[in-house]
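query-v3.cif follows (mmCIF, C-alpha atoms):
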```cif
data_upload
#
loop_
_atom_site.label_atom_id
_atom_site.label_comp_id
_atom_site.auth_asym_id
_atom_site.auth_seq_id
_atom_site.Cartn_x
_atom_site.Cartn_y
_atom_site.Cartn_z
CA MET U 1 -38.36 -107.10 -21.46
CA ALA U 2 -37.53 -110.64 -22.50
CA ALA U 3 -34.45 -112.24 -21.01
CA PRO U 4 -31.43 -111.87 -23.31
CA MET U 5 -30.08 -114.85 -25.19
CA HIS U 6 -26.44 -115.48 -24.38
CA SER U 7 -23.63 -117.96 -24.70
CA SER U 8 -20.91 -118.59 -22.15
CA PRO U 9 -17.33 -117.34 -22.67
CA GLY U 10 -16.20 -120.73 -21.39
CA THR U 11 -16.69 -120.28 -17.65
CA VAL U 12 -19.47 -120.04 -15.09
CA PRO U 13 -18.41 -116.99 -13.04
CA ALA U 14 -21.10 -116.63 -10.37
CA GLY U 15 -19.47 -116.97 -6.98
CA GLY U 16 -22.27 -116.78 -4.44
CA HIS U 17 -24.75 -118.37 -6.84
CA ALA U 18 -22.82 -121.51 -7.75
CA SER U 19 -21.74 -124.36 -5.50
CA ALA U 20 -18.84 -125.45 -7.71
CA PRO U 21 -17.79 -122.68 -10.10
CA THR U 22 -15.23 -123.36 -12.80
CA LEU U 23 -12.28 -121.05 -13.28
CA PRO U 24 -13.57 -117.56 -14.12
CA ARG U 25 -12.36 -115.19 -16.82
CA HIS U 26 -10.59 -112.06 -15.59
CA PHE U 27 -9.78 -108.70 -17.20
CA LEU U 28 -6.42 -107.76 -15.69
CA GLN U 29 -4.69 -106.51 -18.85
CA LEU U 30 -6.14 -105.52 -22.21
CA LYS U 31 -4.37 -108.44 -23.89
CA ASP U 32 -6.37 -110.85 -21.71
CA PHE U 33 -9.11 -110.54 -24.35
CA THR U 34 -8.84 -111.32 -28.04
CA ARG U 35 -9.68 -108.76 -30.68
CA ASP U 36 -12.90 -110.64 -31.38
CA GLU U 37 -13.91 -110.49 -27.72
CA LEU U 38 -13.13 -106.79 -27.48
CA GLU U 39 -15.11 -106.06 -30.63
CA HIS U 40 -18.03 -107.93 -29.10
CA VAL U 41 -17.73 -105.73 -25.99
CA PHE U 42 -17.78 -102.65 -28.24
CA ALA U 43 -20.87 -103.90 -30.08
CA ARG U 44 -22.61 -104.47 -26.76
CA THR U 45 -21.45 -101.04 -25.55
CA ARG U 46 -23.20 -99.41 -28.50
CA ARG U 47 -26.42 -101.31 -27.78
CA ILE U 48 -26.31 -100.67 -24.02
CA LYS U 49 -25.54 -96.97 -24.50
CA GLU U 50 -28.42 -96.59 -26.98
CA GLN U 51 -30.81 -98.12 -24.43
CA PHE U 52 -29.44 -95.83 -21.71
CA LYS U 53 -30.01 -92.74 -23.88
CA ARG U 54 -33.60 -93.85 -24.58
CA TYR U 55 -34.23 -94.43 -20.84
CA GLU U 56 -34.97 -98.09 -21.53
CA PRO U 57 -34.42 -100.27 -18.44
CA TYR U 58 -31.99 -103.12 -19.01
CA HIS U 59 -31.36 -105.34 -16.00
CA PRO U 60 -29.50 -108.49 -17.11
CA LEU U 61 -27.48 -108.55 -13.88
CA PHE U 62 -30.46 -108.55 -11.51
CA ASP U 63 -29.46 -110.00 -8.13
CA ARG U 64 -25.74 -109.91 -9.01
CA THR U 65 -23.30 -108.10 -6.72
CA LEU U 66 -20.14 -106.20 -7.63
CA VAL U 67 -17.54 -105.59 -4.92
CA MET U 68 -15.27 -102.61 -5.60
CA ILE U 69 -11.97 -102.60 -3.69
CA PHE U 70 -10.07 -99.29 -3.64
CA GLU U 71 -6.51 -98.85 -2.47
CA LYS U 72 -6.16 -95.79 -4.74
CA GLN U 73 -8.74 -93.03 -4.62
CA SER U 74 -11.00 -92.42 -7.60
CA THR U 75 -13.85 -90.38 -9.04
CA ARG U 76 -14.53 -91.82 -12.50
CA THR U 77 -13.72 -95.45 -11.67
CA ARG U 78 -15.99 -95.62 -8.65
CA LEU U 79 -18.85 -93.69 -10.21
CA SER U 80 -18.79 -95.56 -13.52
CA PHE U 81 -18.67 -99.02 -11.95
CA GLU U 82 -21.16 -98.29 -9.17
CA ALA U 83 -23.67 -96.52 -11.40
CA GLY U 84 -23.13 -99.09 -14.14
CA MET U 85 -23.89 -102.06 -11.90
CA HIS U 86 -27.05 -100.37 -10.59
CA GLN U 87 -28.15 -99.59 -14.15
CA LEU U 88 -27.72 -103.28 -15.05
CA GLY U 89 -30.01 -104.24 -12.16
CA GLY U 90 -27.36 -105.36 -9.70
CA ALA U 91 -25.81 -103.98 -6.54
CA ALA U 92 -22.36 -102.50 -5.90
CA ILE U 93 -20.46 -102.52 -2.61
CA PHE U 94 -17.53 -100.17 -1.95
CA LEU U 95 -14.58 -101.36 0.13
CA SER U 96 -11.55 -99.25 0.95
CA THR U 97 -8.40 -100.91 2.19
CA ARG U 98 -8.33 -98.25 4.89
CA ASP U 99 -11.51 -99.60 6.48
CA SER U 100 -11.22 -103.32 5.73
CA GLN U 101 -8.96 -106.10 6.96
CA LEU U 102 -6.88 -105.75 3.78
CA GLY U 103 -5.57 -102.53 5.28
CA ARG U 104 -4.60 -104.36 8.47
CA GLY U 105 -2.42 -107.01 6.89
CA GLU U 106 -4.87 -109.73 5.84
CA PRO U 107 -3.22 -111.74 3.06
CA VAL U 108 -4.55 -110.88 -0.39
CA GLU U 109 -5.08 -114.59 -1.05
CA ASP U 110 -7.31 -114.98 2.03
CA ALA U 111 -9.31 -111.88 1.21
CA ALA U 112 -9.89 -113.14 -2.32
CA GLN U 113 -11.29 -116.45 -1.14
CA VAL U 114 -13.68 -114.79 1.32
CA ILE U 115 -14.82 -111.85 -0.82
CA SER U 116 -15.38 -113.97 -3.93
CA ARG U 117 -17.73 -116.30 -2.00
CA MET U 118 -20.00 -113.35 -1.20
CA CYS U 119 -20.32 -111.65 -4.58
CA ASP U 120 -20.41 -112.29 -8.33
CA ILE U 121 -17.67 -110.02 -9.66
CA VAL U 122 -14.85 -107.90 -8.20
CA MET U 123 -13.18 -104.70 -9.40
CA ILE U 124 -9.87 -103.67 -7.81
CA ARG U 125 -8.02 -100.35 -8.06
CA THR U 126 -4.62 -100.75 -6.45
CA PHE U 127 -0.87 -100.18 -6.80
CA GLU U 128 1.23 -103.14 -7.99
CA GLN U 129 -0.13 -105.44 -10.69
CA ASP U 130 1.07 -108.37 -8.58
CA ILE U 131 -1.63 -107.61 -5.99
CA ILE U 132 -4.47 -108.01 -8.45
CA GLU U 133 -2.85 -111.05 -10.07
CA ARG U 134 -2.62 -112.77 -6.67
CA PHE U 135 -6.21 -111.87 -5.85
CA ALA U 136 -7.44 -113.23 -9.19
CA ARG U 137 -5.61 -116.54 -8.75
CA HIS U 138 -7.62 -117.19 -5.57
CA SER U 139 -10.96 -115.72 -6.67
CA ARG U 140 -14.01 -117.80 -7.57
CA VAL U 141 -15.46 -114.92 -9.61
CA PRO U 142 -14.22 -112.58 -12.38
CA VAL U 143 -11.79 -109.85 -11.35
CA ILE U 144 -11.48 -106.55 -13.25
CA ASN U 145 -8.45 -104.28 -13.13
CA GLY U 146 -9.79 -100.82 -12.28
CA LEU U 147 -6.21 -99.47 -12.37
CA THR U 148 -2.75 -100.57 -11.28
CA ASN U 149 0.65 -98.91 -11.57
CA GLU U 150 1.28 -100.98 -14.69
CA TYR U 151 -2.04 -101.01 -16.59
CA HIS U 152 -5.40 -99.27 -16.98
CA PRO U 153 -7.37 -101.52 -19.37
CA CYS U 154 -10.83 -100.11 -18.60
CA GLN U 155 -9.66 -96.63 -19.60
CA ILE U 156 -8.38 -97.81 -22.97
CA LEU U 157 -11.62 -99.72 -23.59
CA ALA U 158 -13.43 -96.40 -23.25
CA ASP U 159 -10.85 -94.51 -25.32
CA ILE U 160 -10.95 -96.89 -28.27
CA TYR U 161 -14.74 -97.00 -28.17
CA THR U 162 -14.80 -93.19 -28.20
CA PHE U 163 -12.53 -93.16 -31.26
CA LEU U 164 -14.82 -95.72 -32.89
CA GLU U 165 -17.85 -93.49 -32.25
CA HIS U 166 -16.20 -90.41 -33.75
CA ARG U 167 -13.92 -91.76 -36.48
CA GLY U 168 -14.69 -95.44 -37.05
CA PRO U 169 -12.29 -98.40 -36.62
CA ILE U 170 -8.89 -97.62 -35.15
CA ALA U 171 -7.00 -100.31 -37.08
CA GLY U 172 -4.28 -98.75 -39.22
CA LYS U 173 -4.49 -95.37 -37.47
CA THR U 174 -1.77 -93.55 -35.51
CA VAL U 175 -2.06 -92.61 -31.85
CA ALA U 176 0.45 -90.12 -30.42
CA TRP U 177 1.15 -90.46 -26.71
CA ILE U 178 2.86 -87.40 -25.25
CA GLY U 179 4.26 -87.40 -21.71
CA ASP U 180 4.88 -90.05 -19.08
CA SER U 181 5.12 -93.71 -20.09
CA ASN U 182 2.67 -94.70 -17.37
CA ASN U 183 -0.04 -97.33 -16.99
CA VAL U 184 -2.30 -95.71 -19.60
CA CYS U 185 0.56 -95.54 -22.09
CA ASN U 186 1.42 -99.19 -21.44
CA THR U 187 -2.16 -100.20 -22.17
CA TRP U 188 -2.26 -98.20 -25.40
CA LEU U 189 0.80 -100.17 -26.51
CA GLN U 190 -0.97 -103.46 -25.78
CA ALA U 191 -4.08 -102.26 -27.60
CA ALA U 192 -2.03 -101.37 -30.69
CA GLU U 193 -0.87 -104.95 -31.01
CA VAL U 194 -4.38 -106.34 -30.51
CA PHE U 195 -6.12 -103.98 -32.96
CA GLY U 196 -3.32 -103.29 -35.43
CA PHE U 197 -2.75 -99.54 -35.09
CA ASN U 198 0.42 -97.55 -34.40
CA VAL U 199 1.49 -95.70 -31.26
CA HIS U 200 4.04 -92.88 -31.38
CA VAL U 201 5.41 -92.25 -27.89
CA SER U 202 7.41 -89.20 -26.85
CA THR U 203 8.68 -88.90 -23.29
CA PRO U 204 11.42 -86.84 -21.64
CA PRO U 205 14.78 -88.58 -21.16
CA GLY U 206 14.60 -91.00 -18.26
CA TYR U 207 10.86 -91.62 -18.62
CA GLU U 208 10.93 -93.88 -21.68
CA VAL U 209 8.73 -96.91 -22.25
CA GLU U 210 9.97 -100.09 -20.59
CA PRO U 211 8.84 -102.88 -22.97
CA GLU U 212 8.85 -105.58 -20.30
CA ARG U 213 6.81 -103.43 -17.89
CA ALA U 214 4.41 -102.54 -20.71
CA GLY U 215 3.91 -106.23 -21.47
CA LEU U 216 4.65 -105.74 -25.16
CA PHE U 217 4.57 -108.68 -27.54
CA GLY U 218 6.79 -106.84 -30.05
CA THR U 219 7.55 -103.41 -31.48
CA ASP U 220 5.81 -103.55 -34.86
CA HIS U 221 3.18 -101.05 -33.72
CA PHE U 222 5.32 -98.84 -31.48
CA GLU U 223 7.82 -96.08 -32.26
CA ALA U 224 9.60 -93.78 -29.80
CA PHE U 225 10.36 -90.12 -30.56
CA ALA U 226 12.72 -87.83 -28.66
CA ASP U 227 10.80 -84.76 -29.92
CA PRO U 228 7.03 -84.62 -29.24
CA ILE U 229 6.58 -82.54 -32.40
CA ASP U 230 7.74 -85.50 -34.47
CA ALA U 231 5.48 -87.89 -32.57
CA VAL U 232 2.26 -85.97 -33.28
CA ARG U 233 2.95 -85.27 -36.94
CA GLY U 234 0.03 -86.73 -38.93
CA ALA U 235 -1.46 -88.53 -35.90
CA ASP U 236 -5.16 -89.42 -35.88
CA LEU U 237 -5.38 -89.18 -32.10
CA VAL U 238 -3.25 -87.21 -29.64
CA THR U 239 -3.49 -88.23 -26.02
CA THR U 240 -1.73 -87.55 -22.74
CA ASP U 241 -2.06 -87.84 -18.96
CA VAL U 242 -0.90 -85.97 -15.88
CA TRP U 243 2.85 -85.69 -15.48
CA THR U 244 2.73 -87.15 -11.96
CA SER U 245 0.57 -90.23 -11.52
CA MET U 246 -0.92 -91.24 -8.17
CA GLY U 247 1.76 -92.75 -5.97
CA PHE U 248 4.58 -90.67 -7.48
CA GLU U 249 3.80 -87.35 -5.77
CA ALA U 250 7.28 -87.13 -4.23
CA GLU U 251 8.64 -86.68 -7.77
CA ASN U 252 6.26 -83.87 -8.66
CA GLU U 253 8.72 -80.96 -8.84
CA ALA U 254 11.35 -82.94 -10.73
CA ARG U 255 8.70 -84.09 -13.19
CA ARG U 256 7.38 -80.56 -13.77
CA ARG U 257 10.86 -79.51 -14.83
CA ALA U 258 11.51 -82.59 -16.96
CA PHE U 259 8.14 -82.46 -18.78
CA ALA U 260 8.03 -78.71 -19.45
CA ASP U 261 8.39 -79.18 -23.23
CA TRP U 262 5.84 -82.01 -23.41
CA GLN U 263 2.66 -79.95 -23.08
CA VAL U 264 0.05 -80.67 -25.75
CA ASP U 265 -0.83 -77.21 -27.08
CA ALA U 266 -2.51 -75.79 -30.16
CA ASP U 267 0.75 -75.64 -32.13
CA MET U 268 1.28 -79.33 -31.52
CA MET U 269 -2.28 -80.24 -32.49
CA ARG U 270 -1.92 -78.35 -35.78
CA LEU U 271 0.76 -80.85 -36.81
CA ALA U 272 -1.57 -83.80 -36.28
CA ALA U 273 -4.06 -84.92 -38.94
CA PRO U 274 -6.68 -82.24 -39.72
CA ASP U 275 -9.44 -84.31 -38.09
CA ALA U 276 -7.31 -85.57 -35.20
CA LEU U 277 -8.99 -86.06 -31.84
CA PHE U 278 -7.59 -85.16 -28.43
CA MET U 279 -8.10 -87.41 -25.40
CA HIS U 280 -7.13 -87.30 -21.73
CA CYS U 281 -8.18 -89.84 -19.10
CA LEU U 282 -8.69 -87.07 -16.49
CA PRO U 283 -8.28 -85.41 -14.08
CA ALA U 284 -6.37 -82.85 -16.15
CA HIS U 285 -4.04 -80.02 -15.14
CA ARG U 286 -4.57 -77.22 -17.64
CA GLY U 287 -1.33 -75.39 -18.25
CA GLU U 288 0.77 -78.46 -17.49
CA GLU U 289 0.33 -81.57 -19.67
CA VAL U 290 -2.32 -79.87 -21.82
CA ALA U 291 -3.22 -76.31 -22.73
CA ALA U 292 -6.75 -75.15 -21.94
CA GLU U 293 -7.30 -74.25 -25.60
CA VAL U 294 -6.79 -77.92 -26.52
CA ILE U 295 -8.73 -79.76 -23.82
CA ASP U 296 -11.61 -77.27 -24.10
CA GLY U 297 -11.32 -76.95 -27.87
CA PRO U 298 -13.25 -78.50 -30.77
CA GLN U 299 -10.93 -81.49 -31.24
CA SER U 300 -11.29 -82.61 -27.63
CA VAL U 301 -13.59 -85.56 -26.88
CA VAL U 302 -12.63 -85.92 -23.22
CA TRP U 303 -16.22 -85.68 -21.93
CA ASP U 304 -17.46 -88.39 -24.30
CA GLU U 305 -14.40 -90.41 -23.30
CA ALA U 306 -15.25 -90.04 -19.60
CA GLU U 307 -18.91 -91.00 -20.12
CA ASN U 308 -17.92 -94.04 -22.13
CA ARG U 309 -16.20 -95.51 -19.08
CA LEU U 310 -19.74 -96.15 -17.85
CA HIS U 311 -20.99 -97.88 -20.99
CA THR U 312 -17.92 -99.95 -21.87
CA GLN U 313 -17.66 -101.24 -18.30
CA LYS U 314 -21.31 -102.24 -18.32
CA ALA U 315 -20.66 -104.25 -21.48
CA LEU U 316 -17.52 -105.73 -19.90
CA MET U 317 -19.36 -106.87 -16.76
CA GLU U 318 -22.18 -108.30 -18.88
CA TYR U 319 -19.66 -110.32 -20.90
CA LEU U 320 -17.74 -111.60 -17.88
CA LEU U 321 -20.93 -112.75 -16.14
CA LEU U 322 -23.20 -113.77 -19.02
CA GLY U 323 -20.95 -114.44 -21.97
CA ARG U 324 -21.99 -113.35 -25.46
CA VAL U 325 -25.40 -111.73 -25.15
CA ASN U 326 -27.50 -111.55 -28.32
CA SER U 327 -30.34 -109.06 -27.84
#
```
So, in terms of structure tokens, how does the structure I just supplied come out?
Amino acid sequence: MAAPMHSSPGTVPAGGHASAPTLPRHFLQLKDFTRDELEHVFARTRRIKEQFKRYEPYHPLFDRTLVMIFEKQSTRTRLSFEAGMHQLGGAAIFLSTRDSQLGRGEPVEDAAQVISRMCDIVMIRTFEQDIIERFARHSRVPVINGLTNEYHPCQILADIYTFLEHRGPIAGKTVAWIGDSNNVCNTWLQAAEVFGFNVHVSTPPGYEVEPERAGLFGTDHFEAFADPIDAVRGADLVTTDVWTSMGFEAENEARRRAFADWQVDADMMRLAAPDALFMHCLPAHRGEEVAAEVIDGPQSVVWDEAENRLHTQKALMEYLLLGRVNS
């Protein structure tokens, strides 16, 4: 296969392969990319996924190395990034803070300078957003947010691409978020401002969206509802997440009581648009945040959504390392 034609996104992010790299691009929040850049990533996702389905080898990242740093455990994030980098011809290395010097008190800034001299791109799944921001400031290579307490941009990349596959462009549509105003919710709110769609959020009292924490530019695309029934009415997409995110396990019982009326069930879905989709970033707790009849029903696209983590992240890594590929 001929080498792909590409243009740089304005940086030369190849740590171990460049003696004097310029400042790299990072993907730490969804709003780090413009709408045009994200639409390019979606176009590349479609192309890369089509090649994958046809069993056509595509190795644009041959001899490139991804380092994956995990402070929070994962199934989908590790598998999608590790498999994705191998499928692009590169190599992926897993590091847990439990078995690296990061877990023994090495400053994040020092670790960033060392790790980024030995690889081409880094993905981090951690707790506070400040950790990944500090790492990125001292990294010679692109850094991707695999999840923090505040944001989950790779998940929303996959979610919006899944909507695009099933229903076309999301601009002008309505997304109903039911449940905890967590990192996934925050990223949906950022995405609404970038793409021009609306997000209806319904949370129990005390769990409302914090605009500053969500990193909102404004509220033109966001509306809060006390009653989840009102939030889903006419929505094009209904989505939720577990009631207790990783790191908040001590609150589990209190959250189960507070969120009891915020389960997405068949009655709720019937109030959404007739062709509304249901999404969940997984893992799911049937009988808690979602009824089995919904997540396993005909409106659910959760398995496509999960698979698309693989393809959107491949397109993301391609863009961060090669710029705009035209092939």
Problem - Ground truth for the PyMOL selection byres ((chain U and resi 29) around 10), written as a list in words - result: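 Applied to this file, the PyMOL selection byres ((chain U and resi 29) around 10) selects His26, Phe27, Leu28, Leu30, Lys31, Asp32, Phe33, Gln129, Ile144, Asn145, Leu147, Thr148, Glu150, Tyr151, His152, Pro153, Cys154, Asn186, Thr187, Gln190, Ala191 and Gly215 of chain U.
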Practice task
Have a look at U:Phe127, U:Phe222, U:Phe62, U:Tyr161 and name the one nearest to Thr174 (chain U); count only C-alpha atoms.
Solution key: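 Going through U:Phe127, U:Phe222, U:Phe62, U:Tyr161 one by one, the smallest distance to Thr174 (chain U) is for U:Phe222.
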Problem - Selection result of the PyMOL selection byres ((chain U and resi 275) around 8) on this file, as a PyMOL selection string - result: chain U and resi 236+273-274+276-277+299
Problem - Hits of the PyMOL selection byres ((chain U and resi 211) around 12) in this structure, as a PyMOL selection string - result: chain U and resi 150+181-182+185-187+189-190+208-210+212-219+222-224
Expected file: the selected residues, C-alpha atoms, as an mmCIF file, in the frame of the given file:
```cif
data_model
loop_
_atom_site.group_PDB
_atom_site.id
_atom_site.type_symbol
_atom_site.label_atom_id
_atom_site.label_comp_id
_atom_site.auth_asym_id
_atom_site.auth_seq_id
_atom_site.Cartn_x
_atom_site.Cartn_y
_atom_site.Cartn_z
ATOM 1 C CA GLU U 150 1.280 -100.980 -14.690
ATOM 2 C CA SER U 181 5.120 -93.710 -20.090
ATOM 3 C CA ASN U 182 2.670 -94.700 -17.370
ATOM 4 C CA CYS U 185 0.560 -95.540 -22.090
ATOM 5 C CA ASN U 186 1.420 -99.190 -21.440
ATOM 6 C CA THR U 187 -2.160 -100.200 -22.170
ATOM 7 C CA LEU U 189 0.800 -100.170 -26.510
ATOM 8 C CA GLN U 190 -0.970 -103.460 -25.780
ATOM 9 C CA GLU U 208 10.930 -93.880 -21.680
ATOM 10 C CA VAL U 209 8.730 -96.910 -22.250
ATOM 11 C CA GLU U 210 9.970 -100.090 -20.590
ATOM 12 C CA GLU U 212 8.850 -105.580 -20.300
ATOM 13 C CA ARG U 213 6.810 -103.430 -17.890
ATOM 14 C CA ALA U 214 4.410 -102.540 -20.710
ATOM 15 C CA GLY U 215 3.910 -106.230 -21.470
ATOM 16 C CA LEU U 216 4.650 -105.740 -25.160
ATOM 17 C CA PHE U 217 4.570 -108.680 -27.540
ATOM 18 C CA GLY U 218 6.790 -106.840 -30.050
ATOM 19 C CA THR U 219 7.550 -103.410 -31.480
ATOM 20 C CA PHE U 222 5.320 -98.840 -31.480
ATOM 21 C CA GLU U 223 7.820 -96.080 -32.260
ATOM 22 C CA ALA U 224 9.600 -93.780 -29.800
#
```
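Taking CA of Gly287 (chain U) as the reference point, CA of Ala192 (chain U) is found at 28.8 Å.
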Practice task
Find the spatial neighbours of Ile229 (chain U), counting all atoms listed in the file, within a cut-off of 10 Å - ignore same-chain residues fewer than 5 positions away - and output them as a PyMOL selection string.
Solution key: chain U and resi 176+178+202+261-262+264+267-269+271-272
Practice task
Give the answer as one residue: which of U:Ile170, U:Val108, U:Met123, U:Ile48 has the shortest atom-to-atom distance to Gln87 (chain U), using all atoms listed in the file?
Solution key: U:Ile48
Would you pick out the contacts of Ala171 (chain U) at 9 Å or less, using all atoms listed in the file, so that residues sharing its chain but fewer than 5 positions from it are not included, and give the list as a compact mmCIF listing (two decimals) with C-alpha atoms, in the coordinates of the input?
```txt
# COMPACT_ATOMS: atom_id res chain seq x y z
CA ALA U 192 -2.03 -101.37 -30.69
CA PHE U 195 -6.12 -103.98 -32.96
CA GLY U 196 -3.32 -103.29 -35.43
CA PHE U 197 -2.75 -99.54 -35.09
CA ASN U 198 0.42 -97.55 -34.40
```
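Of note, CA of Asp180 (chain U) and CA of Cys281 (chain U) are spaced 13.1 Å apart.
With distances restricted to only C-alpha atoms, U:Ala158 is the closest residue to Thr77 (chain U) from U:Val194, U:Ala284, U:Val294, U:Ala158.
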Exercise for the section: Would you mind reading off the distance between CA of Asp130 (chain U) and CA of Glu318 (chain U), one decimal, in Å? Expected result: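 Straight-line distance from CA of Asp130 (chain U) to CA of Glu318 (chain U) works out to 25.4 Å.
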Each side padded by 3 Å, which centre and which edge lengths in Å (one decimal) define the axis-aligned box around the listed atoms of region 270-278 of chain U? Give them as lines of an AutoDock Vina configuration file.
```
center_x = -4.3
center_y = -82.2
center_z = -34.1
size_x = 16.2
size_y = 13.7
size_z = 17.3
```
Please tell me which residues are no farther than 7 Å from (-32.0, -100.9, -17.9) in the file, counting all atoms listed in the file, and write them as a short mmCIF file (atom, residue, chain, number, x, y, z; two decimals) with C-alpha atoms, in the coordinates of the input.
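New file point-v1.cif:
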```cif
data_model
loop_
_atom_site.label_atom_id
_atom_site.label_comp_id
_atom_site.auth_asym_id
_atom_site.auth_seq_id
_atom_site.Cartn_x
_atom_site.Cartn_y
_atom_site.Cartn_z
CA PHE U 52 -29.44 -95.83 -21.71
CA GLU U 56 -34.97 -98.09 -21.53
CA PRO U 57 -34.42 -100.27 -18.44
CA TYR U 58 -31.99 -103.12 -19.01
CA HIS U 59 -31.36 -105.34 -16.00
CA GLN U 87 -28.15 -99.59 -14.15
CA LEU U 88 -27.72 -103.28 -15.05
CA GLY U 89 -30.01 -104.24 -12.16
#
```
Exercise for the section: Please provide as a VMD selection string all residues within 8 Å of Gln113 (chain U), with the sequence filter that same-chain residues fewer than 5 positions apart are discarded (counting only C-alpha atoms). Expected result: chain U and resid 138 to 140
Select, counting only C-alpha atoms, all protein, DNA and RNA residues no farther than 12 Å from (-28.2, -105.3, -16.7) in file coordinates, and express the selection as a PDB file with C-alpha atoms, in the coordinates of the input.
```
ATOM      1  CA  MET U   1     -38.360-107.100 -21.460  1.00  0.00           C
ATOM      2  CA  ALA U   3     -34.450-112.240 -21.010  1.00  0.00           C
ATOM      3  CA  PRO U   4     -31.430-111.870 -23.310  1.00  0.00           C
ATOM      4  CA  ARG U  44     -22.610-104.470 -26.760  1.00  0.00           C
ATOM      5  CA  THR U  45     -21.450-101.040 -25.550  1.00  0.00           C
ATOM      6  CA  ARG U  47     -26.420-101.310 -27.780  1.00  0.00           C
ATOM      7  CA  ILE U  48     -26.310-100.670 -24.020  1.00  0.00           C
ATOM      8  CA  LYS U  49     -25.540 -96.970 -24.500  1.00  0.00           C
ATOM      9  CA  GLN U  51     -30.810 -98.120 -24.430  1.00  0.00           C
ATOM     10  CA  PHE U  52     -29.440 -95.830 -21.710  1.00  0.00           C
ATOM     11  CA  GLU U  56     -34.970 -98.090 -21.530  1.00  0.00           C
ATOM     12  CA  PRO U  57     -34.420-100.270 -18.440  1.00  0.00           C
ATOM     13  CA  TYR U  58     -31.990-103.120 -19.010  1.00  0.00           C
ATOM     14  CA  HIS U  59     -31.360-105.340 -16.000  1.00  0.00           C
ATOM     15  CA  PRO U  60     -29.500-108.490 -17.110  1.00  0.00           C
ATOM     16  CA  LEU U  61     -27.480-108.550 -13.880  1.00  0.00           C
ATOM     17  CA  PHE U  62     -30.460-108.550 -11.510  1.00  0.00           C
ATOM     18  CA  ASP U  63     -29.460-110.000  -8.130  1.00  0.00           C
ATOM     19  CA  ARG U  64     -25.740-109.910  -9.010  1.00  0.00           C
ATOM     20  CA  THR U  65     -23.300-108.100  -6.720  1.00  0.00           C
ATOM     21  CA  ALA U  83     -23.670 -96.520 -11.400  1.00  0.00           C
ATOM     22  CA  GLY U  84     -23.130 -99.090 -14.140  1.00  0.00           C
ATOM     23  CA  MET U  85     -23.890-102.060 -11.900  1.00  0.00           C
ATOM     24  CA  HIS U  86     -27.050-100.370 -10.590  1.00  0.00           C
ATOM     25  CA  GLN U  87     -28.150 -99.590 -14.150  1.00  0.00           C
ATOM     26  CA  LEU U  88     -27.720-103.280 -15.050  1.00  0.00           C
ATOM     27  CA  GLY U  89     -30.010-104.240 -12.160  1.00  0.00           C
ATOM     28  CA  GLY U  90     -27.360-105.360  -9.700  1.00  0.00           C
ATOM     29  CA  ALA U  91     -25.810-103.980  -6.540  1.00  0.00           C
ATOM     30  CA  HIS U 311     -20.990 -97.880 -20.990  1.00  0.00           C
ATOM     31  CA  GLN U 313     -17.660-101.240 -18.300  1.00  0.00           C
ATOM     32  CA  LYS U 314     -21.310-102.240 -18.320  1.00  0.00           C
ATOM     33  CA  ALA U 315     -20.660-104.250 -21.480  1.00  0.00           C
ATOM     34  CA  LEU U 316     -17.520-105.730 -19.900  1.00  0.00           C
ATOM     35  CA  MET U 317     -19.360-106.870 -16.760  1.00  0.00           C
ATOM     36  CA  GLU U 318     -22.180-108.300 -18.880  1.00  0.00           C
ATOM     37  CA  TYR U 319     -19.660-110.320 -20.900  1.00  0.00           C
ATOM     38  CA  LEU U 321     -20.930-112.750 -16.140  1.00  0.00           C
ATOM     39  CA  LEU U 322     -23.200-113.770 -19.020  1.00  0.00           C
ATOM     40  CA  VAL U 325     -25.400-111.730 -25.150  1.00  0.00           C
ATOM     41  CA  SER U 327     -30.340-109.060 -27.840  1.00  0.00           C
TER      42      SER U 327
END
```
